[in-house]
>>> print(open('protein_13.cif').read())   # mmCIF, C-alpha atoms
data_entry
loop_
_atom_site.label_atom_id
_atom_site.label_comp_id
_atom_site.auth_asym_id
_atom_site.auth_seq_id
_atom_site.Cartn_x
_atom_site.Cartn_y
_atom_site.Cartn_z
CA MET A 1 -48.34 41.42 -82.18
CA LYS A 2 -45.83 39.81 -79.79
CA LEU A 3 -46.16 36.53 -81.70
CA LEU A 4 -45.38 38.31 -84.99
CA GLU A 5 -42.38 40.04 -83.43
CA ALA A 6 -41.13 36.70 -82.08
CA PHE A 7 -41.53 35.09 -85.51
CA SER A 8 -39.70 38.03 -87.11
CA SER A 9 -36.82 37.66 -84.63
CA PHE A 10 -36.61 33.93 -85.32
CA THR A 11 -36.49 34.38 -89.11
CA GLU A 12 -33.82 37.08 -88.73
CA TRP A 13 -31.74 34.72 -86.57
CA THR A 14 -31.98 31.87 -89.09
CA ASP A 15 -31.15 34.25 -91.97
CA HIS A 16 -28.05 35.50 -90.18
CA LEU A 17 -26.98 31.92 -89.39
CA LEU A 18 -27.33 30.90 -93.04
CA THR A 19 -25.43 34.01 -94.20
CA ARG A 20 -22.55 33.32 -91.78
CA THR A 21 -22.41 29.66 -92.81
CA LYS A 22 -22.34 30.47 -96.53
CA ALA A 23 -19.69 33.16 -96.01
CA ARG A 24 -17.38 30.84 -94.08
CA ASN A 25 -17.80 28.10 -96.68
CA GLY A 26 -17.07 30.50 -99.52
CA ARG A 27 -20.52 29.98 -101.06
CA LEU A 28 -21.88 33.50 -100.56
CA ARG A 29 -22.03 35.85 -103.52
CA PRO A 30 -19.70 38.91 -103.46
CA LEU A 31 -20.82 41.67 -101.12
CA GLN A 32 -22.75 44.67 -102.44
CA LEU A 33 -22.92 48.01 -100.65
CA ASP A 34 -26.00 50.00 -101.66
CA ALA A 35 -25.98 53.73 -100.91
CA TYR A 36 -29.42 55.16 -101.61
CA ARG A 37 -30.02 58.61 -103.07
CA SER A 38 -30.76 60.91 -100.17
CA TYR A 39 -31.03 64.56 -99.17
CA GLY A 40 -29.62 67.25 -96.95
CA THR A 41 -28.53 70.85 -96.62
CA ALA A 42 -25.20 72.63 -96.77
CA ALA A 43 -24.93 71.96 -93.03
CA LYS A 44 -26.27 68.42 -92.71
CA PHE A 45 -26.37 65.26 -94.87
CA TYR A 46 -28.77 62.37 -94.30
CA ILE A 47 -27.48 59.07 -95.76
CA LYS A 48 -29.04 55.61 -95.82
CA GLY A 49 -27.97 52.34 -97.41
CA ARG A 50 -27.63 48.60 -97.01
CA LEU A 51 -24.93 45.93 -97.04
CA LEU A 52 -25.86 42.54 -98.50
CA ALA A 53 -24.64 39.80 -100.78
CA ASP A 54 -25.10 40.41 -104.49
CA ARG A 55 -28.54 39.05 -105.34
CA GLY A 56 -27.63 37.95 -108.86
CA ILE A 57 -30.37 39.99 -110.51
CA ALA A 58 -30.06 40.03 -114.29
CA ALA A 59 -30.11 43.33 -116.18
CA GLN A 60 -33.69 44.34 -117.01
CA SER A 61 -35.08 44.87 -120.50
CA ALA A 62 -38.46 45.40 -122.16
CA GLN A 63 -38.22 41.90 -123.67
CA ASP A 64 -37.92 40.07 -120.34
CA SER A 65 -40.46 37.32 -119.77
CA ARG A 66 -42.82 37.34 -116.81
CA TRP A 67 -40.95 34.32 -115.46
CA LEU A 68 -37.62 36.18 -115.52
CA ASN A 69 -39.24 39.21 -113.85
CA PHE A 70 -40.68 36.92 -111.18
CA ARG A 71 -37.32 35.22 -110.59
CA ASN A 72 -35.57 38.57 -110.23
CA MET A 73 -38.27 39.75 -107.83
CA VAL A 74 -37.84 36.66 -105.66
CA ARG A 75 -34.10 37.39 -105.49
CA ARG A 76 -34.80 40.96 -104.41
CA PHE A 77 -36.70 39.70 -101.37
CA ASN A 78 -34.59 36.61 -100.66
CA SER A 79 -31.50 38.69 -99.91
CA ARG A 80 -28.58 37.91 -97.60
CA GLU A 81 -28.02 40.95 -95.39
CA VAL A 82 -24.85 41.54 -93.41
CA ALA A 83 -25.49 42.79 -89.88
CA GLY A 84 -22.84 44.17 -87.55
CA ALA A 85 -20.44 45.42 -90.23
CA ASP A 86 -18.56 48.69 -89.63
CA LEU A 87 -18.69 51.30 -92.39
CA VAL A 88 -16.85 54.59 -92.89
CA ALA A 89 -18.09 57.62 -94.83
CA GLU A 90 -15.28 59.98 -95.84
CA LEU A 91 -15.65 63.59 -96.90
CA PRO A 92 -13.13 65.71 -98.84
CA ASP A 93 -12.55 67.79 -95.70
CA GLY A 94 -10.81 64.73 -94.23
CA SER A 95 -13.51 63.87 -91.72
CA GLN A 96 -14.54 60.25 -91.24
CA HIS A 97 -17.93 59.14 -89.99
CA LEU A 98 -18.50 55.64 -88.61
CA VAL A 99 -21.66 53.54 -88.56
CA THR A 100 -22.57 49.87 -88.01
CA THR A 101 -25.18 47.99 -90.05
CA ASP A 102 -28.30 46.89 -88.17
CA ASP A 103 -29.97 43.46 -88.09
CA GLU A 104 -31.33 43.95 -91.62
CA GLY A 105 -28.04 45.24 -93.02
CA TYR A 106 -29.21 48.87 -93.12
CA PHE A 107 -27.18 51.87 -92.03
CA THR A 108 -28.19 55.49 -91.43
CA LEU A 109 -25.75 58.38 -91.11
CA ILE A 110 -26.31 62.04 -90.29
CA ILE A 111 -23.21 64.04 -91.22
CA GLU A 112 -22.41 67.71 -90.71
CA PRO A 113 -19.91 68.59 -93.48
CA LYS A 114 -17.51 71.47 -93.01
CA ALA A 115 -18.00 72.41 -96.67
CA LEU A 116 -19.92 71.01 -99.63
CA PRO A 117 -17.90 68.59 -101.78
CA GLU A 118 -17.76 69.07 -105.54
CA PRO A 119 -21.14 68.02 -107.02
CA VAL A 120 -21.33 64.95 -109.28
CA ALA A 121 -24.41 66.43 -111.00
CA TYR A 122 -26.51 69.55 -110.59
CA LEU A 123 -27.65 69.70 -106.91
CA TRP A 124 -26.19 66.24 -106.14
CA TYR A 125 -23.17 65.82 -103.85
CA PRO A 126 -21.17 62.57 -103.38
CA VAL A 127 -20.22 60.89 -100.11
CA PRO A 128 -17.91 57.85 -100.51
CA VAL A 129 -18.74 54.97 -98.17
CA ARG A 130 -16.65 51.84 -97.61
CA VAL A 131 -16.67 48.80 -95.36
CA SER A 132 -13.94 48.97 -92.71
CA ARG A 133 -14.67 45.74 -90.80
CA LEU A 134 -16.79 42.67 -91.50
CA PRO A 135 -18.31 40.66 -88.64
CA TYR A 136 -16.98 37.32 -89.93
CA GLN A 137 -14.86 35.89 -92.73
CA PHE A 138 -15.75 36.69 -96.35
CA LYS A 139 -13.96 35.92 -99.61
CA GLU A 140 -13.23 39.57 -100.43
CA PRO A 141 -11.37 42.06 -98.18
CA ALA A 142 -13.61 44.54 -96.37
CA ALA A 143 -11.93 47.63 -97.88
CA THR A 144 -12.82 46.58 -101.44
CA VAL A 145 -16.57 46.93 -100.76
CA THR A 146 -17.41 50.56 -101.56
CA ALA A 147 -20.20 52.83 -102.79
CA ALA A 148 -20.89 56.52 -103.27
CA ALA A 149 -24.01 58.05 -101.74
CA LYS A 150 -25.56 60.96 -103.65
CA VAL A 151 -27.09 63.69 -101.53
CA LEU A 152 -29.60 66.22 -102.91
CA VAL A 153 -29.07 69.76 -101.61
CA PRO A 154 -31.71 72.24 -102.86
CA PRO A 155 -30.36 75.64 -103.96
CA PRO A 156 -31.47 78.97 -102.40
CA SER A 157 -33.35 79.65 -105.66
CA ALA A 158 -35.77 76.75 -105.08
CA GLU A 159 -39.37 78.01 -105.13
CA PHE A 160 -40.90 74.94 -103.46
CA GLY A 161 -40.30 71.25 -102.89
CA VAL A 162 -42.41 68.40 -104.25
CA ILE A 163 -43.29 65.25 -102.30
CA SER A 164 -44.86 62.47 -104.36
CA ASP A 165 -46.18 59.00 -103.73
CA LEU A 166 -45.31 56.30 -106.31
CA ASP A 167 -47.82 53.43 -106.36
CA ASP A 168 -50.98 54.44 -108.28
CA THR A 169 -49.67 58.01 -108.38
CA VAL A 170 -46.79 57.67 -110.85
CA PHE A 171 -47.54 54.17 -112.19
CA GLU A 172 -50.39 51.71 -111.76
CA THR A 173 -50.12 49.22 -108.92
CA SER A 174 -53.82 48.57 -108.15
CA ALA A 175 -53.18 48.77 -104.40
CA THR A 176 -56.93 48.48 -103.77
CA ASN A 177 -56.91 44.98 -105.33
CA VAL A 178 -54.43 42.60 -103.69
CA LEU A 179 -54.29 40.06 -106.54
CA LYS A 180 -53.78 42.70 -109.22
CA MET A 181 -51.19 44.44 -107.08
CA LEU A 182 -49.20 41.22 -106.60
CA GLY A 183 -49.35 40.47 -110.32
CA ARG A 184 -48.15 43.92 -111.35
CA THR A 185 -45.38 43.90 -108.73
CA LEU A 186 -44.06 40.38 -109.19
CA LEU A 187 -44.32 40.01 -112.96
CA SER A 188 -43.13 43.40 -114.26
CA ASN A 189 -39.84 45.29 -114.33
CA ALA A 190 -38.55 48.84 -114.79
CA HIS A 191 -39.09 48.65 -118.57
CA SER A 192 -42.46 46.92 -118.75
CA ARG A 193 -44.05 49.16 -116.11
CA LEU A 194 -45.25 52.45 -117.62
CA PRO A 195 -46.04 55.81 -116.01
CA PHE A 196 -49.47 57.41 -116.25
CA VAL A 197 -50.09 59.74 -119.17
CA GLY A 198 -48.67 63.19 -118.54
CA VAL A 199 -47.11 62.50 -115.16
CA ALA A 200 -43.45 62.83 -116.25
CA ASP A 201 -44.09 66.07 -118.14
CA PHE A 202 -46.07 67.56 -115.24
CA TYR A 203 -43.36 66.61 -112.74
CA ARG A 204 -40.62 68.12 -114.90
CA ARG A 205 -42.63 71.35 -115.12
CA LEU A 206 -42.99 71.38 -111.34
CA GLN A 207 -39.24 70.87 -111.06
CA ARG A 208 -38.65 73.96 -113.24
CA GLY A 209 -41.40 76.05 -111.61
CA ARG A 210 -41.77 79.66 -112.68
CA ASN A 211 -38.02 80.24 -113.03
CA ASN A 212 -37.65 77.56 -115.71
CA GLN A 213 -34.64 76.10 -113.86
CA PRO A 214 -34.53 72.53 -112.42
CA ASP A 215 -34.16 73.91 -108.91
CA ASN A 216 -37.27 72.60 -107.14
CA PRO A 217 -36.32 69.38 -105.30
CA PHE A 218 -38.36 66.18 -105.65
CA PHE A 219 -38.81 63.56 -102.95
CA TYR A 220 -40.57 60.24 -103.54
CA VAL A 221 -42.15 58.84 -100.37
CA SER A 222 -43.63 55.37 -100.71
CA SER A 223 -44.57 52.36 -98.60
CA SER A 224 -42.89 50.12 -101.16
CA PRO A 225 -40.03 48.14 -99.56
CA TRP A 226 -36.37 49.00 -99.99
CA ASN A 227 -36.02 45.65 -101.80
CA LEU A 228 -37.52 47.35 -104.89
CA TYR A 229 -35.10 50.30 -104.85
CA ASP A 230 -33.03 49.27 -107.87
CA MET A 231 -36.09 48.70 -110.05
CA LEU A 232 -37.74 51.97 -109.02
CA GLU A 233 -34.55 53.97 -109.56
CA GLU A 234 -34.14 52.49 -113.05
CA PHE A 235 -37.81 53.18 -113.84
CA MET A 236 -37.37 56.86 -112.91
CA GLY A 237 -34.37 57.18 -115.21
CA ILE A 238 -36.00 55.43 -118.17
CA HIS A 239 -38.99 57.78 -118.10
CA GLU A 240 -36.99 60.92 -117.30
CA MET A 241 -38.76 61.65 -114.04
CA PRO A 242 -37.11 64.37 -111.93
CA PRO A 243 -34.39 62.60 -109.92
CA GLY A 244 -34.93 62.62 -106.19
CA PRO A 245 -34.45 60.56 -103.05
CA LEU A 246 -36.59 57.43 -102.86
CA LEU A 247 -37.78 57.17 -99.25
CA LEU A 248 -39.07 53.61 -98.97
CA ARG A 249 -39.95 51.31 -96.08
CA ASP A 250 -38.21 48.52 -94.19
CA LEU A 251 -40.36 45.38 -94.20
CA SER A 252 -39.40 44.50 -90.62
CA LEU A 253 -42.08 44.60 -87.94
CA GLY A 254 -40.59 47.43 -85.92
CA ARG A 255 -42.90 49.89 -84.22
CA PRO A 256 -43.85 52.96 -86.27
CA LYS A 257 -41.82 56.09 -85.60
CA THR A 258 -44.87 58.34 -85.95
CA THR A 259 -48.25 57.58 -84.41
CA PRO A 260 -51.18 57.68 -86.85
CA PRO A 261 -54.40 59.38 -85.75
CA PRO A 262 -57.19 57.39 -84.03
CA GLY A 263 -59.13 55.10 -86.35
CA VAL A 264 -56.17 54.24 -88.61
CA VAL A 265 -55.28 50.62 -87.86
CA GLY A 266 -53.67 47.53 -89.40
CA SER A 267 -51.65 47.84 -92.60
CA ALA A 268 -53.12 51.32 -93.15
CA ALA A 269 -51.51 52.42 -89.88
CA VAL A 270 -48.09 51.19 -91.01
CA HIS A 271 -48.49 52.98 -94.36
CA PHE A 272 -49.75 56.14 -92.63
CA ALA A 273 -47.02 56.22 -89.98
CA HIS A 274 -44.15 55.64 -92.41
CA LYS A 275 -45.20 58.31 -94.88
CA LEU A 276 -46.07 60.87 -92.22
CA HIS A 277 -42.72 60.34 -90.50
CA GLU A 278 -40.73 60.81 -93.73
CA ILE A 279 -42.72 63.89 -94.78
CA GLU A 280 -42.31 65.50 -91.37
CA ASP A 281 -38.54 64.93 -91.56
CA LEU A 282 -38.48 66.71 -94.93
CA LEU A 283 -40.49 69.70 -93.72
CA THR A 284 -38.25 69.95 -90.65
CA THR A 285 -35.07 69.75 -92.76
CA TYR A 286 -36.25 72.58 -95.04
CA PRO A 287 -38.22 74.92 -92.71
CA HIS A 288 -38.30 77.82 -95.19
CA LEU A 289 -39.42 75.79 -98.21
CA PRO A 290 -43.11 75.38 -99.07
CA PHE A 291 -44.22 72.08 -100.59
CA VAL A 292 -46.57 70.56 -103.16
CA LEU A 293 -47.94 67.11 -102.30
CA LEU A 294 -49.01 64.44 -104.81
CA GLY A 295 -50.74 61.15 -104.11
CA ASP A 296 -53.74 59.03 -105.04
CA SER A 297 -57.14 58.08 -103.67
CA GLY A 298 -56.31 54.37 -103.45
CA GLN A 299 -54.92 54.34 -99.91
CA GLU A 300 -54.36 56.91 -97.16
CA ASP A 301 -52.69 59.79 -99.01
CA ALA A 302 -55.54 62.28 -98.55
CA ARG A 303 -55.70 61.68 -94.79
CA ILE A 304 -51.92 61.73 -94.45
CA TYR A 305 -51.70 65.04 -96.28
CA ARG A 306 -54.51 66.50 -94.15
CA GLU A 307 -52.46 65.62 -91.08
CA VAL A 308 -49.38 67.26 -92.63
CA VAL A 309 -51.33 70.50 -93.20
CA ARG A 310 -52.55 70.45 -89.60
CA ARG A 311 -49.10 69.92 -88.15
CA HIS A 312 -47.38 72.38 -90.50
CA PRO A 313 -49.79 75.25 -91.25
CA GLY A 314 -48.78 77.57 -94.07
CA ARG A 315 -46.25 75.12 -95.58
CA ILE A 316 -48.34 73.41 -98.29
CA ARG A 317 -49.02 75.21 -101.59
CA ALA A 318 -51.31 72.59 -103.17
CA ILE A 319 -52.26 68.92 -102.99
CA TYR A 320 -53.08 66.78 -106.04
CA ILE A 321 -54.77 63.40 -105.54
CA ARG A 322 -55.01 61.13 -108.57
CA ASP A 323 -58.42 59.44 -108.81
CA VAL A 324 -57.95 55.64 -109.00
CA GLN A 325 -61.52 55.31 -110.29
CA VAL A 326 -62.88 53.56 -107.21
CA PRO A 327 -66.00 55.60 -106.27
CA ALA A 328 -65.90 54.66 -102.59
CA ARG A 329 -62.34 55.96 -102.31
CA ALA A 330 -63.16 59.20 -104.15
CA LEU A 331 -66.00 59.85 -101.71
CA LEU A 332 -63.49 59.82 -98.84
CA VAL A 333 -61.42 62.59 -100.45
CA ALA A 334 -64.25 65.13 -100.86
CA PRO A 335 -64.84 65.96 -97.15
CA ILE A 336 -61.09 66.19 -96.54
CA ALA A 337 -60.73 68.60 -99.46
CA GLN A 338 -63.53 70.73 -97.98
CA GLU A 339 -61.81 70.81 -94.58
CA LEU A 340 -58.53 71.92 -96.13
CA GLN A 341 -60.19 74.57 -98.28
CA VAL A 342 -61.25 76.30 -95.05
CA GLU A 343 -57.57 76.31 -94.05
CA GLY A 344 -56.58 77.86 -97.38
CA VAL A 345 -55.09 74.72 -98.96
CA THR A 346 -56.50 73.27 -102.18
CA MET A 347 -56.71 69.48 -102.40
CA LEU A 348 -57.72 68.60 -105.97
CA LEU A 349 -58.96 65.14 -106.99
CA VAL A 350 -57.87 64.74 -110.62
CA ALA A 351 -58.64 62.14 -113.28
CA ASP A 352 -55.46 62.98 -115.21
CA TYR A 353 -52.38 65.16 -114.93
CA ALA A 354 -53.50 67.66 -117.56
CA VAL A 355 -56.07 68.87 -115.03
CA ALA A 356 -53.42 69.09 -112.31
CA ALA A 357 -51.06 71.00 -114.62
CA ALA A 358 -53.77 73.50 -115.58
CA HIS A 359 -54.50 74.18 -111.91
CA ALA A 360 -50.80 74.46 -111.03
CA ALA A 361 -50.36 77.02 -113.82
CA SER A 362 -53.41 78.98 -112.62
CA ILE A 363 -51.94 79.44 -109.12
CA GLY A 364 -48.44 80.27 -110.36
CA LEU A 365 -46.59 77.05 -109.59
CA ILE A 366 -45.58 76.38 -113.20
CA VAL A 367 -45.47 78.17 -116.52
CA ASN A 368 -48.58 77.65 -118.65
CA GLU A 369 -47.38 75.73 -121.70
CA PRO A 370 -48.71 72.89 -123.90
CA ALA A 371 -48.20 69.47 -122.36
CA LYS A 372 -45.97 66.99 -124.20
CA VAL A 373 -47.35 63.72 -125.52
CA GLU A 374 -45.90 60.70 -123.68
CA ALA A 375 -46.07 56.98 -124.33
CA SER A 376 -47.67 55.89 -121.08
CA ILE A 377 -50.74 54.22 -119.68
#
>>> encode(input="protein_13.cif", output="structure tokens")
Amino acid sequence: MKLLEAFSSFTEWTDHLLTRTKARNGRLRPLQLDAYRSYGTAAKFYIKGRLLADRGIAAQSAQDSRWLNFRNMVRRFNSREVAGADLVAELPDGSQHLVTTDDEGYFTLIIEPKALPEPVAYLWYPVPVRVSRLPYQFKEPAATVTAAAKVLVPPPSAEFGVISDLDDTVFETSATNVLKMLGRTLLSNAHSRLPFVGVADFYRRLQRGRNNQPDNPFFYVSSSPWNLYDMLEEFMGIHEMPPGPLLLRDLSLGRPKTTPPPGVVGSAAVHFAHKLHEIEDLLTTYPHLPFVLLGDSGQEDARIYREVVRRHPGRIRAIYIRDVQVPARALLVAPIAQELQVEGVTMLLVADYAVAAAHAASIGLIVNEPAKVEASI
């Protein structure tokens, strides 16, 4: 582990050296400030983003070749991050909030607004962010590098929140097969990747709940890296998935913020710890809101969700696990579902989302209505 951490530190140092050299020679692309969709309450905003050089990724389309998709994917991961830059978030109340980007160019802000700003869309509130100081010389002035973070604030009328995985839950990744997973990830884009049949309709019905208003907040928690954020965000818009924060993972080798239970080791431990940490933050942020959890049988979702139920009794309305059609993985879900049934929580292993929707209607989460036909996989 120490050897990996040392290698990670060395690669970060060389990346920063190359970025500084290119910036001083005027050969670095214009800077790009990414402010990710995030969440909060009327009293507290959580904001995350990243400062890096524009990666030169071409606009995506359904006609893109696999080679173009691969080239764009390489650019997503071969980014030039800017560490040590000072940023300022400004609210309409006149308050300014300062933060400095870390070694990977990321920044995290927790802001307590005096009042909610005017929303830019239903339930979404803007927070302008700009660069106030750069750590070394760039072609463009610092103040010209800006972005607007969008913060989701659930209304008092929300019936429950929804936390969903992405890979093999919303679209096929084949996480249980490394070669297939790499092929699907590296050679596709937001247009060529398709959601599973019925998932978008089911999620929109969960968003509307029993009140038939889009008040129930969605949160997408995934172990996919932040490098894929732009593609995932575009995918969600194309297929009209309920908009929500995408809570992804930093690829750096930092220690996990939440300790997985005994027996969960290796890459599974990283996946487990990241998702459990993000879900616990959500349940802590909204202590009076129950939640519905959605995942798949391909990785650790069932065990993660069991741990969530144990740590937060009475908070989970239902759990839906999509069956990835690997019998050995399905067998691992059954005993967990039995354990949770004793605690009054249903964990349902489903082959398709029509089954999940029928169950959700039967327990009063959504209105019972005919599902819409979708062009999906």
>>> closest_residue(input="protein_13.cif", among="A:Pro217, A:Met231, A:Arg310, A:Leu282", to="Leu247 in chain A", atoms="all atoms listed in the file")
A:Leu282
>>> axis_aligned_box(input="protein_13.cif", around="range 145-163 of chain A", padding_each_side="4 Å", output="AutoDock Vina command-line options")
--center_x -29.9 --center_y 63.3 --center_z -103.2 --size_x 34.7 --size_y 40.7 --size_z 12.9
>>> resolve_selection(input="protein_13.cif", expression="the PyMOL selection byres ((chain A and resi 365) around 7)", output="PyMOL selection string")
chain A and resi 206+209-210+360-361+363-364+366
>>> write_last_selection(input="protein_13.cif", atoms="C-alpha atoms", output="mmCIF file, in the frame of the given file")
data_model
loop_
_atom_site.group_PDB
_atom_site.id
_atom_site.type_symbol
_atom_site.label_atom_id
_atom_site.label_comp_id
_atom_site.auth_asym_id
_atom_site.auth_seq_id
_atom_site.Cartn_x
_atom_site.Cartn_y
_atom_site.Cartn_z
ATOM 1 C CA LEU A 206 -42.990 71.380 -111.340
ATOM 2 C CA GLY A 209 -41.400 76.050 -111.610
ATOM 3 C CA ARG A 210 -41.770 79.660 -112.680
ATOM 4 C CA ALA A 360 -50.800 74.460 -111.030
ATOM 5 C CA ALA A 361 -50.360 77.020 -113.820
ATOM 6 C CA ILE A 363 -51.940 79.440 -109.120
ATOM 7 C CA GLY A 364 -48.440 80.270 -110.360
ATOM 8 C CA ILE A 366 -45.580 76.380 -113.200
#
>>> resolve_selection(input="protein_13.cif", expression="the PyMOL selection byres ((chain A and resi 321-335) around 7)", output="PDB file with C-alpha atoms, in the frame of the given file")
ATOM      1  CA  THR A 169     -49.670  58.010-108.380  1.00  0.00           C
ATOM      2  CA  LEU A 294     -49.010  64.440-104.810  1.00  0.00           C
ATOM      3  CA  GLY A 295     -50.740  61.150-104.110  1.00  0.00           C
ATOM      4  CA  ASP A 296     -53.740  59.030-105.040  1.00  0.00           C
ATOM      5  CA  SER A 297     -57.140  58.080-103.670  1.00  0.00           C
ATOM      6  CA  GLY A 298     -56.310  54.370-103.450  1.00  0.00           C
ATOM      7  CA  ALA A 302     -55.540  62.280 -98.550  1.00  0.00           C
ATOM      8  CA  ILE A 319     -52.260  68.920-102.990  1.00  0.00           C
ATOM      9  CA  TYR A 320     -53.080  66.780-106.040  1.00  0.00           C
ATOM     10  CA  ILE A 336     -61.090  66.190 -96.540  1.00  0.00           C
ATOM     11  CA  ALA A 337     -60.730  68.600 -99.460  1.00  0.00           C
ATOM     12  CA  GLN A 338     -63.530  70.730 -97.980  1.00  0.00           C
ATOM     13  CA  GLU A 339     -61.810  70.810 -94.580  1.00  0.00           C
ATOM     14  CA  LEU A 348     -57.720  68.600-105.970  1.00  0.00           C
ATOM     15  CA  LEU A 349     -58.960  65.140-106.990  1.00  0.00           C
ATOM     16  CA  VAL A 350     -57.870  64.740-110.620  1.00  0.00           C
ATOM     17  CA  ALA A 351     -58.640  62.140-113.280  1.00  0.00           C
ATOM     18  CA  ASP A 352     -55.460  62.980-115.210  1.00  0.00           C
TER      19      ASP A 352
END
>>> residues_around(input="protein_13.cif", residues="Met73 in chain A", least_positions_apart="6", cutoff="12 Å", atoms="all atoms listed in the file", output="short mmCIF file (atom, residue, chain, number, x, y, z; two decimals) with C-alpha atoms, in the frame of the given file")
data_model
loop_
_atom_site.label_atom_id
_atom_site.label_comp_id
_atom_site.auth_asym_id
_atom_site.auth_seq_id
_atom_site.Cartn_x
_atom_site.Cartn_y
_atom_site.Cartn_z
CA ARG A 55 -28.54 39.05 -105.34
CA GLY A 56 -27.63 37.95 -108.86
CA ILE A 57 -30.37 39.99 -110.51
CA ALA A 58 -30.06 40.03 -114.29
CA GLN A 60 -33.69 44.34 -117.01
CA ARG A 66 -42.82 37.34 -116.81
CA TRP A 67 -40.95 34.32 -115.46
CA SER A 79 -31.50 38.69 -99.91
CA LEU A 182 -49.20 41.22 -106.60
CA GLY A 183 -49.35 40.47 -110.32
CA ARG A 184 -48.15 43.92 -111.35
CA THR A 185 -45.38 43.90 -108.73
CA LEU A 186 -44.06 40.38 -109.19
CA LEU A 187 -44.32 40.01 -112.96
CA SER A 188 -43.13 43.40 -114.26
CA ASN A 189 -39.84 45.29 -114.33
CA ALA A 190 -38.55 48.84 -114.79
CA PRO A 225 -40.03 48.14 -99.56
CA ASN A 227 -36.02 45.65 -101.80
CA LEU A 228 -37.52 47.35 -104.89
CA TYR A 229 -35.10 50.30 -104.85
CA ASP A 230 -33.03 49.27 -107.87
CA MET A 231 -36.09 48.70 -110.05
#
>>> closest_residue(input="protein_13.cif", among="A:Val345, A:Ile47, A:Val292, A:Val151", to="Asp165 in chain A", atoms="only C-alpha atoms")
A:Val292
>>> resolve_selection(input="protein_13.cif", expression="the PyMOL selection byres ((chain A and resi 149) around 8)", output="PyMOL selection string")
chain A and resi 35-38+47+126-129+147-148+150-151
>>> write_last_selection(input="protein_13.cif", atoms="C-alpha atoms", output="PDB file, in the coordinates of the input")
ATOM      1  CA  ALA A  35     -25.980  53.730-100.910  1.00  0.00           C
ATOM      2  CA  TYR A  36     -29.420  55.160-101.610  1.00  0.00           C
ATOM      3  CA  ARG A  37     -30.020  58.610-103.070  1.00  0.00           C
ATOM      4  CA  SER A  38     -30.760  60.910-100.170  1.00  0.00           C
ATOM      5  CA  ILE A  47     -27.480  59.070 -95.760  1.00  0.00           C
ATOM      6  CA  PRO A 126     -21.170  62.570-103.380  1.00  0.00           C
ATOM      7  CA  VAL A 127     -20.220  60.890-100.110  1.00  0.00           C
ATOM      8  CA  PRO A 128     -17.910  57.850-100.510  1.00  0.00           C
ATOM      9  CA  VAL A 129     -18.740  54.970 -98.170  1.00  0.00           C
ATOM     10  CA  ALA A 147     -20.200  52.830-102.790  1.00  0.00           C
ATOM     11  CA  ALA A 148     -20.890  56.520-103.270  1.00  0.00           C
ATOM     12  CA  LYS A 150     -25.560  60.960-103.650  1.00  0.00           C
ATOM     13  CA  VAL A 151     -27.090  63.690-101.530  1.00  0.00           C
TER      14      VAL A 151
END
>>> atom_distance(input="protein_13.cif", atom1="CA of Leu123 in chain A", atom2="CA of Thr41 in chain A")
10.4 Å
>>> closest_residue(input="protein_13.cif", among="A:Thr285, A:His277, A:Arg76, A:Leu232", to="Lys44 in chain A", atoms="only C-alpha atoms")
A:Thr285
>>> atom_distance(input="protein_13.cif", atom1="CA of Leu98 in chain A", atom2="CA of Val131 in chain A")
9.8 Å
>>> atom_distance(input="protein_13.cif", atom1="CA of Leu87 in chain A", atom2="CA of Tyr286 in chain A")
27.7 Å
>>> closest_residue(input="protein_13.cif", among="A:Leu248, A:Trp226, A:Pro30, A:Glu90", to="Pro141 in chain A", atoms="all atoms listed in the file")
A:Pro30
>>> closest_residue(input="protein_13.cif", among="A:Arg205, A:His312, A:His274, A:Lys48", to="Tyr353 in chain A", atoms="only C-alpha atoms")
A:Arg205
>>> closest_residue(input="protein_13.cif", among="A:Arg208, A:Arg249, A:Arg50, A:Arg311", to="Gly161 in chain A", atoms="only C-alpha atoms")
A:Arg208
>>> residues_near_point(input="protein_13.cif", point="(-47.3, 53.9, -115.0)", cutoff="12 Å", atoms="all atoms listed in the file", output="ChimeraX atom specification")
/A:166-174,184-185,188-200,232,235-236,238-239,241,374-377
>>> residues_near_point(input="protein_13.cif", point="(-43.0, 59.2, -94.4)", cutoff="10 Å", atoms="all atoms listed in the file", output="MDAnalysis selection string")
chainID A and resid 163 165 220:223 247:249 257:258 271:282 304
>>> build_atoms(input="protein_13.cif", residues="range 226-231 of chain A", atoms="N, CA and C atoms", output="compact mmCIF listing (two decimals), keeping the file's coordinate frame")
# COMPACT_ATOMS: atom_id res chain seq x y z
N TRP A 226 -37.69 48.68 -99.46
CA TRP A 226 -36.37 49.00 -99.99
C TRP A 226 -35.88 47.94 -100.97
N ASN A 227 -36.42 46.73 -100.88
CA ASN A 227 -36.02 45.65 -101.80
C ASN A 227 -36.26 46.03 -103.26
N LEU A 228 -37.19 46.95 -103.52
CA LEU A 228 -37.52 47.35 -104.89
C LEU A 228 -36.74 48.57 -105.36
N TYR A 229 -35.78 49.04 -104.55
CA TYR A 229 -35.10 50.30 -104.85
C TYR A 229 -34.47 50.31 -106.24
N ASP A 230 -33.74 49.26 -106.59
CA ASP A 230 -33.03 49.27 -107.87
C ASP A 230 -33.99 49.37 -109.05
N MET A 231 -35.13 48.67 -108.98
CA MET A 231 -36.09 48.70 -110.05
C MET A 231 -36.75 50.09 -110.16
